[in-house]
Structures are given as C-alpha cells and as structure tokens.
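Trainee: Sharing query-v6.pdb below, PDB, C-alpha atoms and all ligand atoms:
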ATOM      1  CA  MET A 248     153.471  80.791 109.837
ATOM      2  CA  ARG A 249     156.158  78.298 109.090
ATOM      3  CA  LEU A 250     155.649  74.651 108.259
ATOM      4  CA  ASP A 251     158.606  72.286 108.297
ATOM      5  CA  LEU A 252     157.101  69.039 107.158
ATOM      6  CA  GLN A 253     159.100  65.842 107.258
ATOM      7  CA  GLY A 254     156.283  63.712 105.933
ATOM      8  CA  LYS A 255     152.566  63.060 105.844
ATOM      9  CA  ALA A 256     151.093  59.611 105.244
ATOM     10  CA  PHE A 257     147.640  58.096 105.190
ATOM     11  CA  GLY A 258     148.257  54.614 106.568
ATOM     12  CA  PRO A 259     151.064  53.056 104.541
ATOM     13  CA  ARG A 260     150.800  55.658 101.778
ATOM     14  CA  ALA A 261     153.278  58.566 101.974
ATOM     15  CA  VAL A 262     151.490  61.526 100.381
ATOM     16  CA  LEU A 263     153.718  64.493 101.231
ATOM     17  CA  GLY A 264     157.497  64.375 101.494
ATOM     18  CA  PRO A 265     159.869  66.810 103.157
ATOM     19  CA  LEU A 266     158.946  70.407 102.429
ATOM     20  CA  SER A 267     158.935  73.839 104.033
ATOM     21  CA  LEU A 268     156.444  76.639 103.590
ATOM     22  CA  THR A 269     156.362  80.107 105.094
ATOM     23  CA  ALA A 270     153.523  82.614 104.820
ATOM     24  CA  GLY A 271     152.394  85.757 106.568
ATOM     25  CA  ARG A 272     150.514  89.018 106.215
ATOM     26  CA  GLY A 273     150.901  90.548 102.789
ATOM     27  CA  GLN A 274     152.456  87.431 101.238
ATOM     28  CA  ARG A 275     150.472  85.609  98.578
ATOM     29  CA  LEU A 276     151.259  82.043  97.534
ATOM     30  CA  ALA A 277     149.483  79.596  95.262
ATOM     31  CA  VAL A 278     149.964  75.829  95.411
ATOM     32  CA  LEU A 279     149.367  74.100  92.082
ATOM     33  CA  GLY A 280     149.552  70.449  91.123
ATOM     34  CA  PRO A 281     147.588  67.563  89.666
ATOM     35  CA  SER A 282     144.526  66.056  91.281
ATOM     36  CA  GLY A 283     145.316  63.803  94.226
ATOM     37  CA  ILE A 284     148.886  65.073  94.706
ATOM     38  CA  GLY A 285     148.183  66.386  98.225
ATOM     39  CA  LYS A 286     147.252  70.069  97.870
ATOM     40  CA  SER A 287     144.234  69.928 100.163
ATOM     41  CA  THR A 288     146.152  67.781 102.628
ATOM     42  CA  LEU A 289     148.904  70.418 102.781
ATOM     43  CA  LEU A 290     146.367  73.208 103.301
ATOM     44  CA  ARG A 291     144.591  71.298 106.071
ATOM     45  CA  ILE A 292     147.930  70.883 107.865
ATOM     46  CA  VAL A 293     148.649  74.625 107.543
ATOM     47  CA  ALA A 294     145.116  75.376 108.800
ATOM     48  CA  GLY A 295     145.713  73.292 111.910
ATOM     49  CA  LEU A 296     142.933  70.880 110.900
ATOM     50  CA  ASP A 297     145.274  67.880 110.566
ATOM     51  CA  HIS A 298     147.844  67.256 113.288
ATOM     52  CA  ALA A 299     148.807  63.739 112.199
ATOM     53  CA  PHE A 300     152.056  64.551 110.411
ATOM     54  CA  ALA A 301     155.781  64.387 111.042
ATOM     55  CA  GLY A 302     157.229  67.863 111.342
ATOM     56  CA  HIS A 303     156.515  71.202 112.953
ATOM     57  CA  LEU A 304     153.991  73.990 112.390
ATOM     58  CA  SER A 305     154.888  77.253 114.105
ATOM     59  CA  GLY A 306     153.628  80.818 114.289
ATOM     60  CA  ASP A 307     150.590  82.475 115.810
ATOM     61  CA  ASP A 308     149.005  83.849 112.645
ATOM     62  CA  ARG A 309     145.253  83.852 112.610
ATOM     63  CA  VAL A 310     143.984  81.827 109.652
ATOM     64  CA  ALA A 311     140.590  81.583 107.970
ATOM     65  CA  MET A 312     139.690  78.963 105.411
ATOM     66  CA  VAL A 313     137.511  79.167 102.311
ATOM     67  CA  PHE A 314     136.566  75.780 100.883
ATOM     68  CA  GLN A 315     135.249  74.958  97.429
ATOM     69  CA  GLU A 316     131.840  74.290  98.982
ATOM     70  CA  PRO A 317     130.523  77.338 100.842
ATOM     71  CA  THR A 318     129.786  75.283 104.043
ATOM     72  CA  LEU A 319     127.052  77.648 105.273
ATOM     73  CA  LEU A 320     124.581  77.127 108.117
ATOM     74  CA  PRO A 321     121.367  76.256 106.221
ATOM     75  CA  TRP A 322     118.872  77.323 108.914
ATOM     76  CA  ARG A 323     120.469  80.680 109.632
ATOM     77  CA  PRO A 324     120.031  83.851 107.581
ATOM     78  CA  ALA A 325     122.990  85.215 105.659
ATOM     79  CA  LEU A 326     124.015  87.817 108.240
ATOM     80  CA  GLN A 327     124.064  85.241 111.044
ATOM     81  CA  ASN A 328     126.163  82.971 108.831
ATOM     82  CA  ILE A 329     128.860  85.576 109.395
ATOM     83  CA  THR A 330     128.196  86.677 112.991
ATOM     84  CA  ILE A 331     127.701  83.232 114.555
ATOM     85  CA  PRO A 332     130.898  81.462 113.424
ATOM     86  CA  THR A 333     133.163  84.503 113.705
ATOM     87  CA  GLY A 334     131.698  86.374 116.696
ATOM     88  CA  CYS A 335     131.823  89.665 114.784
ATOM     89  CA  ASP A 336     129.062  92.251 115.284
ATOM     90  CA  ALA A 337     126.145  92.726 112.895
ATOM     91  CA  ALA A 338     127.447  96.065 111.595
ATOM     92  CA  THR A 339     130.787  94.523 110.608
ATOM     93  CA  ALA A 340     129.035  91.561 109.000
ATOM     94  CA  GLY A 341     126.691  93.880 107.096
ATOM     95  CA  ALA A 342     129.594  95.993 105.838
ATOM     96  CA  LEU A 343     131.396  92.890 104.601
ATOM     97  CA  MET A 344     128.245  91.649 102.897
ATOM     98  CA  ALA A 345     128.033  94.977 101.081
ATOM     99  CA  GLN A 346     131.687  94.680 100.019
ATOM    100  CA  VAL A 347     130.958  91.342  98.344
ATOM    101  CA  GLY A 348     127.814  92.663  96.650
ATOM    102  CA  LEU A 349     125.265  91.095  99.000
ATOM    103  CA  ALA A 350     123.721  94.245 100.497
ATOM    104  CA  GLY A 351     120.006  93.713 101.083
ATOM    105  CA  ARG A 352     120.311  89.932 101.371
ATOM    106  CA  GLU A 353     121.093  89.823 105.089
ATOM    107  CA  ALA A 354     117.822  88.055 105.997
ATOM    108  CA  GLN A 355     117.926  85.475 103.202
ATOM    109  CA  PHE A 356     118.722  81.855 103.889
ATOM    110  CA  PRO A 357     121.573  80.118 102.041
ATOM    111  CA  ARG A 358     119.163  78.090  99.874
ATOM    112  CA  GLN A 359     117.687  81.380  98.615
ATOM    113  CA  LEU A 360     121.113  82.447  97.306
ATOM    114  CA  SER A 361     122.787  81.313  94.085
ATOM    115  CA  LEU A 362     126.013  79.298  94.311
ATOM    116  CA  GLY A 363     127.998  82.417  93.389
ATOM    117  CA  GLN A 364     126.251  84.402  96.123
ATOM    118  CA  GLN A 365     126.849  81.609  98.642
ATOM    119  CA  ARG A 366     130.541  81.613  97.750
ATOM    120  CA  ARG A 367     130.686  85.382  98.239
ATOM    121  CA  LEU A 368     128.990  84.994 101.613
ATOM    122  CA  ALA A 369     131.618  82.423 102.585
ATOM    123  CA  LEU A 370     134.305  84.884 101.450
ATOM    124  CA  ALA A 371     132.784  87.652 103.598
ATOM    125  CA  ARG A 372     132.652  85.240 106.559
ATOM    126  CA  ALA A 373     136.344  84.420 106.126
ATOM    127  CA  PHE A 374     137.333  88.101 106.220
ATOM    128  CA  ALA A 375     135.053  88.706 109.225
ATOM    129  CA  ALA A 376     137.421  86.431 111.151
ATOM    130  CA  ARG A 377     140.149  89.066 110.496
ATOM    131  CA  PRO A 378     142.689  86.520 109.280
ATOM    132  CA  ASP A 379     146.403  87.195 108.982
ATOM    133  CA  ILE A 380     146.435  84.510 106.296
ATOM    134  CA  LEU A 381     143.491  83.498 104.150
ATOM    135  CA  LEU A 382     143.568  79.839 103.102
ATOM    136  CA  MET A 383     141.554  78.993  99.985
ATOM    137  CA  ASP A 384     140.962  75.501  98.592
ATOM    138  CA  GLU A 385     139.766  75.676  94.958
ATOM    139  CA  PRO A 386     137.415  78.550  95.789
ATOM    140  CA  PHE A 387     136.683  79.506  92.185
ATOM    141  CA  ALA A 388     136.145  76.004  90.756
ATOM    142  CA  SER A 389     132.814  75.124  89.140
ATOM    143  CA  LEU A 390     131.696  78.753  88.846
ATOM    144  CA  ASP A 391     130.831  80.143  85.435
ATOM    145  CA  PRO A 392     133.647  82.330  84.028
ATOM    146  CA  ASP A 393     131.954  85.673  84.770
ATOM    147  CA  THR A 394     131.127  84.682  88.348
ATOM    148  CA  ALA A 395     134.654  83.343  88.871
ATOM    149  CA  ASP A 396     136.126  86.597  87.489
ATOM    150  CA  ARG A 397     133.995  88.634  89.839
ATOM    151  CA  MET A 398     134.946  86.526  92.841
ATOM    152  CA  ILE A 399     138.660  86.702  92.004
ATOM    153  CA  ALA A 400     138.420  90.501  91.784
ATOM    154  CA  LEU A 401     136.523  90.653  95.092
ATOM    155  CA  THR A 402     139.112  88.433  96.773
ATOM    156  CA  ALA A 403     141.980  90.570  95.470
ATOM    157  CA  GLY A 404     140.256  93.736  96.732
ATOM    158  CA  LEU A 405     139.588  92.290 100.184
ATOM    159  CA  LEU A 406     143.200  91.059 100.438
ATOM    160  CA  ASP A 407     144.470  94.519  99.443
ATOM    161  CA  ARG A 408     142.280  96.285 101.983
ATOM    162  CA  SER A 409     142.876  93.902 104.876
ATOM    163  CA  GLY A 410     146.570  93.206 104.256
ATOM    164  CA  ALA A 411     145.953  89.500 104.824
ATOM    165  CA  GLY A 412     148.281  86.978 103.242
ATOM    166  CA  LEU A 413     147.015  84.198 101.004
ATOM    167  CA  ILE A 414     147.670  80.536 100.394
ATOM    168  CA  LEU A 415     145.553  79.465  97.440
ATOM    169  CA  VAL A 416     145.191  75.849  96.316
ATOM    170  CA  THR A 417     144.144  75.623  92.689
ATOM    171  CA  HIS A 418     144.253  73.645  89.453
ATOM    172  CA  ASP A 419     144.074  76.819  87.401
ATOM    173  CA  ALA A 420     147.475  78.049  86.238
ATOM    174  CA  GLU A 421     146.130  81.558  85.574
ATOM    175  CA  GLU A 422     144.631  82.266  88.975
ATOM    176  CA  PRO A 423     147.935  82.895  90.816
ATOM    177  CA  ALA A 424     148.901  85.811  88.566
ATOM    178  CA  ARG A 425     145.422  87.268  88.773
ATOM    179  CA  LEU A 426     145.718  87.351  92.552
ATOM    180  CA  GLY A 427     149.345  88.437  92.595
ATOM    181  CA  ALA A 428     150.303  85.107  94.171
ATOM    182  CA  ARG A 429     153.682  83.389  93.790
ATOM    183  CA  PRO A 430     153.051  79.973  92.209
ATOM    184  CA  LEU A 431     154.517  76.847  93.803
ATOM    185  CA  ILE A 432     154.152  73.378  92.322
ATOM    186  CA  LEU A 433     153.499  70.241  94.326
ATOM    187  CA  SER A 434     154.949  67.240  92.485
ATOM    188  CA  GLY A 435     156.501  63.801  92.968
ATOM    189  CA  SER A 436     155.627  60.884  95.184
ATOM    190  CA  PRO A 437     155.681  61.625  98.029
ATOM    191  CA  ALA A 438     155.076  65.185  96.853
ATOM    192  CA  THR A 439     157.423  68.092  97.505
ATOM    193  CA  LEU A 440     157.106  71.796  96.764
ATOM    194  CA  GLY A 441     159.089  73.680  94.149
ATOM    195  CA  PRO A 442     158.898  76.921  92.225
ATOM    196  CA  ALA A 443     156.703  77.010  89.135
ATOM    197  CA  PRO A 444     158.730  76.670  85.901
ATOM    198  CA  THR A 445     158.130  80.316  84.930
ATOM    199  CA  ASP A 446     159.462  81.333  88.341
ATOM    200  CA  ALA A 447     162.708  79.436  87.797
ATOM    201  CA  ARG A 448     163.585  81.045  84.474
TER     202      ARG A 448
HETATM  203  N1  LIG B 501     141.422  61.247 105.040
HETATM  204  C1  LIG B 501     142.102  60.566 104.119
HETATM  205  N2  LIG B 501     142.339  59.247 104.268
HETATM  206  C2  LIG B 501     143.033  58.549 103.364
HETATM  207  N3  LIG B 501     143.565  59.083 102.250
HETATM  208  C3  LIG B 501     143.365  60.381 102.045
HETATM  209  C4  LIG B 501     142.624  61.196 102.962
HETATM  210  N4  LIG B 501     142.602  62.462 102.491
HETATM  211  C5  LIG B 501     143.285  62.437 101.340
HETATM  212  N5  LIG B 501     143.748  61.207 101.065
HETATM  213  C6  LIG B 501     144.555  60.817  99.904
HETATM  214  O1  LIG B 501     145.697  61.640  99.876
HETATM  215  C7  LIG B 501     146.003  62.023  98.544
HETATM  216  C8  LIG B 501     146.034  63.528  98.436
HETATM  217  O2  LIG B 501     144.712  64.028  98.566
HETATM  218  P1  LIG B 501     144.387  65.578  98.469
HETATM  219  O3  LIG B 501     142.916  65.735  98.613
HETATM  220  O4  LIG B 501     145.257  66.328  99.400
HETATM  221  O5  LIG B 501     144.827  65.896  96.969
HETATM  222  P2  LIG B 501     144.578  67.196  96.101
HETATM  223  O6  LIG B 501     145.855  67.508  95.407
HETATM  224  O7  LIG B 501     143.981  68.259  96.946
HETATM  225  O8  LIG B 501     143.499  66.658  95.051
HETATM  226  P3  LIG B 501     142.358  67.440  94.264
HETATM  227  O9  LIG B 501     143.050  68.451  93.414
HETATM  228  O10 LIG B 501     141.695  66.376  93.453
HETATM  229  O11 LIG B 501     141.442  68.053  95.295
HETATM  230  C9  LIG B 501     144.963  61.362  97.668
HETATM  231  O12 LIG B 501     145.497  60.184  97.149
HETATM  232  C10 LIG B 501     143.834  61.061  98.610
HETATM  233  O13 LIG B 501     143.128  59.921  98.184
END
Written as structure tokens, that's how I'd like the structure from this file.
Mentor:
Amino acid sequence: MRLDLQGKAFGPRAVLGPLSLTAGRGQRLAVLGPSGIGKSTLLRIVAGLDHAFAGHLSGDDRVAMVFQEPTLLPWRPALQNITIPTGCDAATAGALMAQVGLAGREAQFPRQLSLGQQRRLALARAFAARPDILLMDEPFASLDPDTADRMIALTAGLLDRSGAGLILVTHDAEEPARLGARPLILSGSPATLGPAPTDAR
C-alpha cells in the first residue's frame, strides 16, 4: 500500500498536508499525534473509507480495520459476528475466538460480553478477514491497564502468526514499542508525517 497525499480538507479547513505513507505485510507503523490532528482521517483514507482527498492510494493489499468501539452486530451471537462480515467458516471463526481467549462464548450475544471481551471479538473478526495490513484506531483506549496489556499481547501474537502488517493510530507513546511498530508523528497545520524524535536521534 502506498499513499501519496497532496491534501485532505473538510470544507475550507485543510486537515492533512502533503505526506506519503507506505505499508505492507510484516511492516508495523504507529501514527501518533495530538487529538484532532487528523490521525483517524489518515487511517480512513488508507482503509479506502474516504475517497475525498487530493492524491493517490495504490496497492492491492487486503486491509481490515479495528476501531475503538467494537462495532459488533448486537442481535447475532459471537461466532456469527465473525462469520457473517468476513465470510469465513465456523471452524476458522471458532479457532480465532480461542486464540483471543473467547473459547466457549461462541453462542453469547455482544451485550453478554464485557467491553474487553467485545474488543477481543472485534480483533478476532479483523484477523478472520486475513488482512495483509491491520488498521487499528485507538484500539486499546479506555480499557483498564490489565485488559489493555492482554489485548496488546494478543495483537502482537496474532500479527506474528499471520505476518500481517500494522498501522496503529494511538495517543499512547508506549504502545508502538510494545507492538514493535515504528512511530511516526503527525504534526502541523495542515498536518504532515515525520519520524518520532527518538527515531531521529
Ligand atoms: N466528517 C468530518 N467533517 C468535518 N470535519 C471533520 C470530519 N472528520 C473529522 N473532521 C475534523 O478533522 C480534524 C481531524 O479529525 P480526526 O478525527 O482525524 O483527528 P484525530 O487526530 O484522529 O483525533 P482524536 O485523536 O481526537 O481521535 C478534526 O478537526 C475534526 O474535527
């Protein structure tokens, strides 16, 4: 995947300036920056969810997105929350549920799961789509520290096993290292991408 962005505006407001970003299998990147700088906007462009920008997105990598909110189907049991959106078979979905510690909960509905369990289900669903690049938008925010730790470890393990690349959007300066991701900072107005200060030393 390669994004050559000339600019992205919402109405008269230029949010993102010229920047380039490349990602692929096995490559892990993290995009950091203050609230409102344009991190989610950048990720939505990379995901192909926002086409209203000046520039060019190329590559045929398969992407899967994990949002901060689990965005599950409330009236479908956990297993079908994986099989329906991704088209994967029940055995694959069940194996992924086991890998994220949800074995035995296949028939439960999202409201019967804790927030941490719902997030893990959303993580399993993302990997069921067999992505070349996993896109994550603040996936560990508003979890208690132990639950966040567990989810970070699960994500790292699933990335290792699948070989998928990662673009992580986060506020947390420690998460990139914990996932082995190269930190990039979004800054300025309109915002552009640069290496994190520790990277530049
Ligand atoms: N659909 C939209 N219409 C108009 N403005 C928008 C839209 N989406 C985002 N913006 C604006 O673009 C800017 C960047 O938003 P974005 O959500 O990408 O920032 P962010 O860095 O992800 O913020 P946060 O860390 O708080 O999630 C913000 O000023 C926001 O208000």
Trainee: Please expand the PyMOL selection byres (((chain A and resi 318) around 10) and not hetatm) into the concrete residues it hits in this file, giving the result as a list in words.
Mentor: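 Here the PyMOL selection byres (((chain A and resi 318) around 10) and not hetatm) matches Val313, Phe314, Gln315, Glu316, Pro317, Leu319, Leu320, Pro321, Asn328, Pro357, Gln365, Arg366 and Ala369 of chain A.
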Trainee: Throw together the list of residues within 12 Å of ligand LIG 501 (chain B), counting only C-alpha atoms and all ligand atoms, and drop it here as a PyMOL selection string.
Mentor: chain A and resi 255-264+278-292+296-297+299+314-315+383-386+388+415-419+432-439
Trainee: Quick one: write out the picked residues with C-alpha atoms as a compact mmCIF listing (two decimals), in the frame of the given file?
Mentor:
# COMPACT_ATOMS: atom_id res chain seq x y z
CA LYS A 255 152.57 63.06 105.84
CA ALA A 256 151.09 59.61 105.24
CA PHE A 257 147.64 58.10 105.19
CA GLY A 258 148.26 54.61 106.57
CA PRO A 259 151.06 53.06 104.54
CA ARG A 260 150.80 55.66 101.78
CA ALA A 261 153.28 58.57 101.97
CA VAL A 262 151.49 61.53 100.38
CA LEU A 263 153.72 64.49 101.23
CA GLY A 264 157.50 64.38 101.49
CA VAL A 278 149.96 75.83 95.41
CA LEU A 279 149.37 74.10 92.08
CA GLY A 280 149.55 70.45 91.12
CA PRO A 281 147.59 67.56 89.67
CA SER A 282 144.53 66.06 91.28
CA GLY A 283 145.32 63.80 94.23
CA ILE A 284 148.89 65.07 94.71
CA GLY A 285 148.18 66.39 98.22
CA LYS A 286 147.25 70.07 97.87
CA SER A 287 144.23 69.93 100.16
CA THR A 288 146.15 67.78 102.63
CA LEU A 289 148.90 70.42 102.78
CA LEU A 290 146.37 73.21 103.30
CA ARG A 291 144.59 71.30 106.07
CA ILE A 292 147.93 70.88 107.86
CA LEU A 296 142.93 70.88 110.90
CA ASP A 297 145.27 67.88 110.57
CA ALA A 299 148.81 63.74 112.20
CA PHE A 314 136.57 75.78 100.88
CA GLN A 315 135.25 74.96 97.43
CA MET A 383 141.55 78.99 99.98
CA ASP A 384 140.96 75.50 98.59
CA GLU A 385 139.77 75.68 94.96
CA PRO A 386 137.42 78.55 95.79
CA ALA A 388 136.15 76.00 90.76
CA LEU A 415 145.55 79.46 97.44
CA VAL A 416 145.19 75.85 96.32
CA THR A 417 144.14 75.62 92.69
CA HIS A 418 144.25 73.64 89.45
CA ASP A 419 144.07 76.82 87.40
CA ILE A 432 154.15 73.38 92.32
CA LEU A 433 153.50 70.24 94.33
CA SER A 434 154.95 67.24 92.48
CA GLY A 435 156.50 63.80 92.97
CA SER A 436 155.63 60.88 95.18
CA PRO A 437 155.68 61.62 98.03
CA ALA A 438 155.08 65.18 96.85
CA THR A 439 157.42 68.09 97.50
Trainee: Go through A:Leu426, A:Leu252, A:Leu368, A:Ala420 one by one, measure the shortest atom-to-atom distance of each to Thr402 (chain A) using only C-alpha atoms, and give the residue with the smallest value.
Mentor: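 With only C-alpha atoms as the atom set, the closest residue is A:Leu426.
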Trainee: For the atom pair CA of Leu250 (chain A) and CA of Ser267 (chain A), what is the interatomic distance in Å to one decimal place?
Mentor: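 According to the coordinates, CA of Leu250 (chain A) and CA of Ser267 (chain A) are separated by 5.4 Å.
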Trainee: What's the separation between CA of Ala342 (chain A) and CA of Ala424 (chain A), in Å to one decimal place?
Mentor: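 Straight-line distance from CA of Ala342 (chain A) to CA of Ala424 (chain A) works out to 27.8 Å.
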Trainee: Considering all atoms listed in the file, return as a list of chain:residue names whatever protein or nucleic-acid residues lie within 10 Å of Ile414 (chain A), sequence-local ones (same chain, fewer than 4 positions apart) excluded.
Mentor: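 Close residues of Ile414 (chain A): A:Thr269, A:Ala270, A:Gly271, A:Gln274, A:Arg275, A:Leu276, A:Ala277, A:Val278, A:Leu290, A:Val293, A:Met312, A:Ile380, A:Leu381, A:Leu382, A:Met383, A:Asp384, A:Pro423, A:Ala428, A:Arg429, A:Pro430.
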Trainee: CA of Asp391 (chain A) and CA of Gln359 (chain A) are how many Å apart?
Mentor: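 Interatomic distance, CA of Asp391 (chain A) to CA of Gln359 (chain A): 18.7 Å.
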Trainee: Output the residue selection produced by the PyMOL selection byres (((chain A and resi 398) around 9) and not hetatm) on the file above, formatted as a JSON list (two decimals) with C-alpha atoms, keeping the file's coordinate frame.
Mentor:
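The file below, part.json, is the result:
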[["chain", "number", "residue", "atom", "x", "y", "z"],
["A", 347, "VAL", "CA", 130.96, 91.34, 98.34],
["A", 363, "GLY", "CA", 128.00, 82.42, 93.39],
["A", 366, "ARG", "CA", 130.54, 81.61, 97.75],
["A", 367, "ARG", "CA", 130.69, 85.38, 98.24],
["A", 370, "LEU", "CA", 134.30, 84.88, 101.45],
["A", 386, "PRO", "CA", 137.42, 78.55, 95.79],
["A", 387, "PHE", "CA", 136.68, 79.51, 92.18],
["A", 393, "ASP", "CA", 131.95, 85.67, 84.77],
["A", 394, "THR", "CA", 131.13, 84.68, 88.35],
["A", 395, "ALA", "CA", 134.65, 83.34, 88.87],
["A", 396, "ASP", "CA", 136.13, 86.60, 87.49],
["A", 397, "ARG", "CA", 134.00, 88.63, 89.84],
["A", 399, "ILE", "CA", 138.66, 86.70, 92.00],
["A", 400, "ALA", "CA", 138.42, 90.50, 91.78],
["A", 401, "LEU", "CA", 136.52, 90.65, 95.09],
["A", 402, "THR", "CA", 139.11, 88.43, 96.77],
["A", 403, "ALA", "CA", 141.98, 90.57, 95.47]]
Trainee: Looking at all atoms listed in the file, which of A:Leu360, A:Ala325, A:Met248, A:Ala376 is the one that sits closest to Ala294 (chain A)?
Mentor: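 Between A:Leu360, A:Ala325, A:Met248, A:Ala376, the residue approaching Ala294 (chain A) most closely is A:Met248.
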Trainee: Box time for region 261-267 of chain A: axis-aligned, enclosing all its listed atoms, 8 Å extra on each side; report centre and edge lengths in Å to one decimal, as lines of an AutoDock Vina configuration file.
Mentor:
center_x = 155.7
center_y = 66.2
center_z = 102.2
size_x = 24.4
size_y = 31.3
size_z = 19.7
